[in-house]
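Q: The structure follows.
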Amino acid sequence: MNNFEYEWPVKVYFGENTVKEKLGSELKNWGRNIMLAYGGGSIRKNGIYDEIMGVLKQADKNVVEFSGITANPTYAKVQEGIELYRKEEIDLILAVGGGSVIDCCKIITAGVYIDEDLWDSQINHKQVAEKMGCFAAVVTMSGAGAEMDCLGACSNEALKLKKTFIGSYAKFVMEDPRYVMAAPLSIFMPGVFDSLSHCMETFFGNDTNVHDEMNIGLMRNIVRNMRELSRGNDTLSVRSDLMWDSSLIQMFLLNAGKPGDFQAHQMENLLGAHSHGTHGVQLGILQPVYYRHIYKYGADKFAWFARAVLDIDAEGKTKEELALAGIDALEALIKNANLPLSFHEAGYELTLEVAKDVAENFIASPGSCRPLSKEEVVEIIMKCK
């Protein structure tokens with residue numbers, strides 16, 4: 001195991017009625033100006049907006065609304081949020097939503113106290129501000145645990161690039177499983193696969209240690225509950241498990257002391273700047289194709305995954321046959337979750353020009369069982385067409 005340091009600052013309130021019971025007391029620690037950030041307005045239809053506004057009014061807060069944050073948030077939206085934060089002298093952003101809303105707010109916090117352009121400062125010159133704005137999160141859609149880390153991704157539409165920024169950690173997080181129950185399965189399931197994707201990418205890193213066995217338990221829970229949802233058993237218990245799975249993933253404990261294989265994730269991020277597609281959906285398209293491309297170079301790990309996570313019977317199979325059976329089972333899991341298996345099925349017509357652009361900006365992962373060449377990136381992406 002490699003050397004590492006581990007510390008985690010985020011305070012989480014988890015459970016039914018958490019917002020009604022705990023948000024008011026947390027708000028006492030903050031000034032009067034609260035930026036309420038959210039997406040397309042679904043929280044206004046399902047009652048979450050009214051519940052949160054009730055707490056904010058009772059706490060005598062001045063609420064400045066910042067809505068319209070899209071999936072794959074744009075850098076233009078980040079800049080809009082930075083301007084609003086400064087103009088209204090915001091004390092705390094309350095990010096109400098899933099990963100896209102939370103990512104956007106994290107990136108906003110990184111830019112409010114600097115004079116230069118944030119993209120130029122962080123992405124081009126690798127400078128991270130010492131002083132940042134403040135945000136907290138109310139999770140309404142779980143996926144990759146964005147509420148637990150300080151990293152946020154956004155797309156620069158002018159440059160056709162999607163990059164990850166370092167922002168602030170949430171000052172507190174509210175996780176009420178009732179809120180994720182409000183999301184239809186077609187919206188919820190991509191986030192569930194995103195959770196599994198992060199686990200797999202950590203697991204398939206080219207080192208093995210105690211965290212892999214911990215990871216197996218987490219992946220088994222995600223797979224079991226995905227199958228429950230696919231069978232129509234959509235209960236508060238199932239969604240509670242998946243909500244907390246998502247947060248556990250992004251505490252980075254599973255990554256401690258080992259490299260990961262995030263090549264599929266990098267391909268998806270670069271593609272997302274072109275397609276603006278749902279992150280979990282596009283990962284579900286890419287990963288089976290990518291894993292079929294590289295599994296022979298990490299056959300031991302892929303065979304272990306097949307046995308331990310997907311319950312594939314090893315009897316009579318070679319190591320490579322078992323590994324491939326696991327990838328087939330992963331693809332079946334994605335299909336049964338009603339997620340697309342091609343970009344065409346997802347409604348995006350992928351071109352060779354886009355694939356080549358992704359490959360040009362792709363950086364091979366040293367943590368994978370075999371780093372990809374740019375030519376292989378094009379080949380993998382076009383197989384997903």
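The way I read the labels, and the way they are meant: chains A, B, ... in the order of the structure tokens, residue 1 as the first residue of every chain, and ligand 1 as the first ligand shown, with later ones counted on from there.
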Name the residues in contact with Thr164 of chain A at a cut-off of 8 Å, using only C-alpha atoms, excluding same-chain residues fewer than 6 positions from it; report them as a compact mmCIF listing (two decimals) with all heavy atoms, in the first residue's frame.
A:
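Once written, out_18.txt looks like this:
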```txt
# COMPACT_ATOMS: atom_id res chain seq x y z
N LEU A 151 -14.24 18.92 -5.45
CA LEU A 151 -13.99 18.93 -6.89
C LEU A 151 -15.28 19.14 -7.66
O LEU A 151 -16.31 18.54 -7.34
CB LEU A 151 -13.35 17.61 -7.32
CG LEU A 151 -12.08 17.19 -6.57
CD1 LEU A 151 -11.63 15.81 -7.02
CD2 LEU A 151 -10.98 18.22 -6.77
N GLY A 152 -15.22 19.96 -8.69
CA GLY A 152 -16.41 20.21 -9.51
C GLY A 152 -16.03 20.34 -10.98
O GLY A 152 -15.01 20.96 -11.31
N ALA A 153 -16.83 19.77 -11.85
CA ALA A 153 -16.56 19.81 -13.29
C ALA A 153 -17.56 20.71 -14.00
O ALA A 153 -18.75 20.73 -13.66
CB ALA A 153 -16.61 18.40 -13.88
N CYS A 154 -17.07 21.44 -15.00
CA CYS A 154 -17.96 22.22 -15.85
C CYS A 154 -17.39 22.26 -17.26
O CYS A 154 -16.21 22.00 -17.48
CB CYS A 154 -18.19 23.63 -15.31
SG CYS A 154 -16.80 24.74 -15.48
```
Q: So which residues touch segment 18-25 of chain A within 8 Å, counting only C-alpha atoms, skipping near sequence neighbours fewer than 4 positions away, as a list of chain:residue names?
A: A:Tyr13, A:Phe14, A:Asn29, A:Glu51, A:Ile52, A:Val55, A:Leu56, A:Gln58, A:Ala59, A:Val138, A:Met174, A:Glu175, A:Asp176
Q: So that I can check the surroundings of Val139 of chain A, please list as an mmCIF file with C-alpha atoms, in the first residue's frame every protein, DNA and RNA residue that reaches within 9 Å of it, counting only C-alpha atoms and ignoring chain neighbours fewer than 4 positions away.
A:
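New file part-v3.cif:
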```cif
data_model
loop_
_atom_site.group_PDB
_atom_site.id
_atom_site.type_symbol
_atom_site.label_atom_id
_atom_site.label_comp_id
_atom_site.auth_asym_id
_atom_site.auth_seq_id
_atom_site.Cartn_x
_atom_site.Cartn_y
_atom_site.Cartn_z
ATOM 1 C CA ALA A 95 -27.088 24.076 -3.372
ATOM 2 C CA VAL A 96 -30.314 22.061 -3.755
ATOM 3 C CA GLY A 97 -29.951 19.265 -6.292
ATOM 4 C CA GLY A 98 -27.612 16.588 -7.537
ATOM 5 C CA GLY A 99 -24.058 16.527 -8.807
ATOM 6 C CA ILE A 102 -23.413 20.975 -6.409
ATOM 7 C CA GLU A 147 -21.608 16.628 -1.870
ATOM 8 C CA VAL A 173 -24.834 18.361 3.866
ATOM 9 C CA MET A 174 -28.496 17.391 4.232
ATOM 10 C CA GLU A 175 -29.513 13.967 2.882
ATOM 11 C CA ASP A 176 -33.216 13.175 3.167
ATOM 12 C CA PRO A 177 -34.043 9.943 1.269
ATOM 13 C CA TYR A 179 -36.064 13.840 -1.640
ATOM 14 C CA VAL A 180 -34.463 11.280 -3.940
ATOM 15 C CA MET A 243 -27.997 7.643 -1.488
#
```
Q: Could you give me, as a ChimeraX atom specification, the residues within 8 Å of His279 of chain A, counting only C-alpha atoms and dropping anything in the same chain fewer than 2 positions from it?
A: /A:72,190,194,268-269,272,277,281-283
Q: Produce a file of the selected residues containing N, CA and C atoms, as a PDB file, in the first residue's frame.
A:
```
ATOM      1  N   ASN A  72     -24.230  18.809 -16.727  1.00  0.00           N
ATOM      2  CA  ASN A  72     -22.984  19.312 -17.315  1.00  0.00           C
ATOM      3  C   ASN A  72     -22.987  20.838 -17.256  1.00  0.00           C
ATOM      4  N   PRO A 190     -29.300   6.866 -13.855  1.00  0.00           N
ATOM      5  CA  PRO A 190     -27.961   7.247 -14.314  1.00  0.00           C
ATOM      6  C   PRO A 190     -27.025   7.622 -13.171  1.00  0.00           C
ATOM      7  N   ASP A 194     -23.463   5.964 -12.106  1.00  0.00           N
ATOM      8  CA  ASP A 194     -22.293   6.805 -11.866  1.00  0.00           C
ATOM      9  C   ASP A 194     -21.591   6.375 -10.575  1.00  0.00           C
ATOM     10  N   GLU A 268     -15.424  10.194 -21.061  1.00  0.00           N
ATOM     11  CA  GLU A 268     -16.783  10.723 -20.925  1.00  0.00           C
ATOM     12  C   GLU A 268     -16.763  12.222 -20.685  1.00  0.00           C
ATOM     13  N   ASN A 269     -15.857  12.690 -19.823  1.00  0.00           N
ATOM     14  CA  ASN A 269     -15.794  14.125 -19.549  1.00  0.00           C
ATOM     15  C   ASN A 269     -15.504  14.918 -20.817  1.00  0.00           C
ATOM     16  N   GLY A 272     -18.520  14.823 -23.032  1.00  0.00           N
ATOM     17  CA  GLY A 272     -19.615  15.624 -22.498  1.00  0.00           C
ATOM     18  C   GLY A 272     -19.579  17.072 -22.933  1.00  0.00           C
ATOM     19  N   GLY A 277     -24.429  15.369 -22.787  1.00  0.00           N
ATOM     20  CA  GLY A 277     -25.255  14.253 -22.334  1.00  0.00           C
ATOM     21  C   GLY A 277     -25.133  14.014 -20.838  1.00  0.00           C
ATOM     22  N   VAL A 281     -25.265   8.236 -17.899  1.00  0.00           N
ATOM     23  CA  VAL A 281     -25.701   7.562 -19.124  1.00  0.00           C
ATOM     24  C   VAL A 281     -24.508   7.285 -20.029  1.00  0.00           C
ATOM     25  N   GLN A 282     -23.676   8.281 -20.217  1.00  0.00           N
ATOM     26  CA  GLN A 282     -22.543   8.126 -21.134  1.00  0.00           C
ATOM     27  C   GLN A 282     -21.481   7.188 -20.570  1.00  0.00           C
ATOM     28  N   LEU A 283     -21.315   7.156 -19.255  1.00  0.00           N
ATOM     29  CA  LEU A 283     -20.410   6.180 -18.651  1.00  0.00           C
ATOM     30  C   LEU A 283     -20.911   4.763 -18.898  1.00  0.00           C
TER      31      LEU A 283
END
```
Q: For Gln250 of chain A, which residue out of A:Ile69, A:Val10, A:Ile216, A:Ile43 is the nearest one, using only C-alpha atoms?
A: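 Under the stated criterion, the closest residue is A:Val10.
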Q: Using DSSP on the backbone coordinates, identify the residues of segment 54-219 of chain A assigned to alpha helix (DSSP H); present them as a count of residues only.
A: 66
Q: DSSP on the backbone, strand (DSSP E) only: what residues of segment 75-315 of chain A does that give? Format it as number ranges by chain.
A: A: 92-97, 135-139, 151-156, 161-166, 173-175
Q: So, counting only C-alpha atoms, which residue among A:Ala299, A:Leu270, A:Val192, A:Leu341 is closest to Glu321 of chain A?
A: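 That would be A:Ala299, the residue with the smallest distance to Glu321 of chain A.
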Q: If you count only C-alpha atoms, which residues fall within 12 Å of Thr278 of chain A, apart from same-chain ones fewer than 4 positions away, as a ChimeraX atom specification?
A: /A:70-73,99-100,143,186-191,193-194,268-269,271-274,282-285,339-340,343,346-348
Q: Would you export the selected residues with C-alpha atoms as a PDB file, in the first residue's frame, please?
A:
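Output contents, as saved in selection-v2.pdb:
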```pdb
ATOM      1  CA  THR A  70     -28.100  22.327 -16.217  1.00  0.00           C
ATOM      2  CA  ALA A  71     -26.641  18.848 -16.366  1.00  0.00           C
ATOM      3  CA  ASN A  72     -22.984  19.312 -17.315  1.00  0.00           C
ATOM      4  CA  PRO A  73     -22.988  22.878 -15.952  1.00  0.00           C
ATOM      5  CA  GLY A  99     -24.058  16.527  -8.807  1.00  0.00           C
ATOM      6  CA  SER A 100     -24.445  19.191 -11.488  1.00  0.00           C
ATOM      7  CA  GLY A 143     -24.729   9.784  -7.968  1.00  0.00           C
ATOM      8  CA  SER A 186     -35.217   7.512 -15.633  1.00  0.00           C
ATOM      9  CA  ILE A 187     -33.422  10.390 -13.895  1.00  0.00           C
ATOM     10  CA  PHE A 188     -32.306   8.535 -10.773  1.00  0.00           C
ATOM     11  CA  MET A 189     -30.768   5.456 -12.417  1.00  0.00           C
ATOM     12  CA  PRO A 190     -27.961   7.247 -14.314  1.00  0.00           C
ATOM     13  CA  GLY A 191     -26.750   8.590 -10.983  1.00  0.00           C
ATOM     14  CA  PHE A 193     -24.610   3.832 -12.360  1.00  0.00           C
ATOM     15  CA  ASP A 194     -22.293   6.805 -11.866  1.00  0.00           C
ATOM     16  CA  GLU A 268     -16.783  10.723 -20.925  1.00  0.00           C
ATOM     17  CA  ASN A 269     -15.794  14.125 -19.549  1.00  0.00           C
ATOM     18  CA  LEU A 271     -17.217  13.796 -24.802  1.00  0.00           C
ATOM     19  CA  GLY A 272     -19.615  15.624 -22.498  1.00  0.00           C
ATOM     20  CA  ALA A 273     -18.253  18.972 -23.655  1.00  0.00           C
ATOM     21  CA  HIS A 274     -19.572  18.075 -27.138  1.00  0.00           C
ATOM     22  CA  GLN A 282     -22.543   8.126 -21.134  1.00  0.00           C
ATOM     23  CA  LEU A 283     -20.410   6.180 -18.651  1.00  0.00           C
ATOM     24  CA  GLY A 284     -22.815   3.259 -19.050  1.00  0.00           C
ATOM     25  CA  ILE A 285     -22.240   3.346 -22.807  1.00  0.00           C
ATOM     26  CA  LEU A 339     -29.972   2.807 -19.769  1.00  0.00           C
ATOM     27  CA  PRO A 340     -28.792   3.067 -23.408  1.00  0.00           C
ATOM     28  CA  PHE A 343     -24.795   7.077 -28.210  1.00  0.00           C
ATOM     29  CA  ALA A 346     -29.041   7.996 -26.154  1.00  0.00           C
ATOM     30  CA  GLY A 347     -30.005  10.485 -28.862  1.00  0.00           C
ATOM     31  CA  TYR A 348     -26.539  11.739 -29.791  1.00  0.00           C
TER      32      TYR A 348
END
```
Q: Neighbouring residues of Asp117 of chain A were defined as those with any atom within 12 Å, considering only C-alpha atoms; residues of the same chain fewer than 6 positions away were excluded. Please report them as a ChimeraX atom specification.
A: /A:75-76,78-79,82-83,108,110-111,123-125,127-129
Q: Can you work out which one of A:Val378, A:Ala158, A:Met53, A:Leu229 has the shortest atom-to-atom distance to Glu360 of chain A, counting only C-alpha atoms?
A: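 Answer, going by the shortest atom-to-atom distance: A:Val378.
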Q: With only C-alpha atoms as the basis for distance, which of A:Ser275, A:Asn46, A:Ser368, A:Ser195 is at the shortest distance from Ala144 of chain A?
A: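 Nearest candidate to Ala144 of chain A out of A:Ser275, A:Asn46, A:Ser368, A:Ser195: A:Ser195.
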Q: Measuring atom to atom with only C-alpha atoms, identify which of A:Glu379, A:Asp207, A:Asp103, A:Glu80 is nearest to His293 of chain A.
A: A:Glu379
Q: For Tyr290 of chain A, which residue out of A:Ile380, A:Ile107, A:Leu352, A:Ala359 is the nearest one, using only C-alpha atoms?
A: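 Among the listed residues, the smallest separation from Tyr290 of chain A belongs to A:Ile380.
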Q: Hey, can you check how far atom CA of Tyr295 of chain A sits from atom CA of Leu322 of chain A?
A: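 The value is 10.6 Å.
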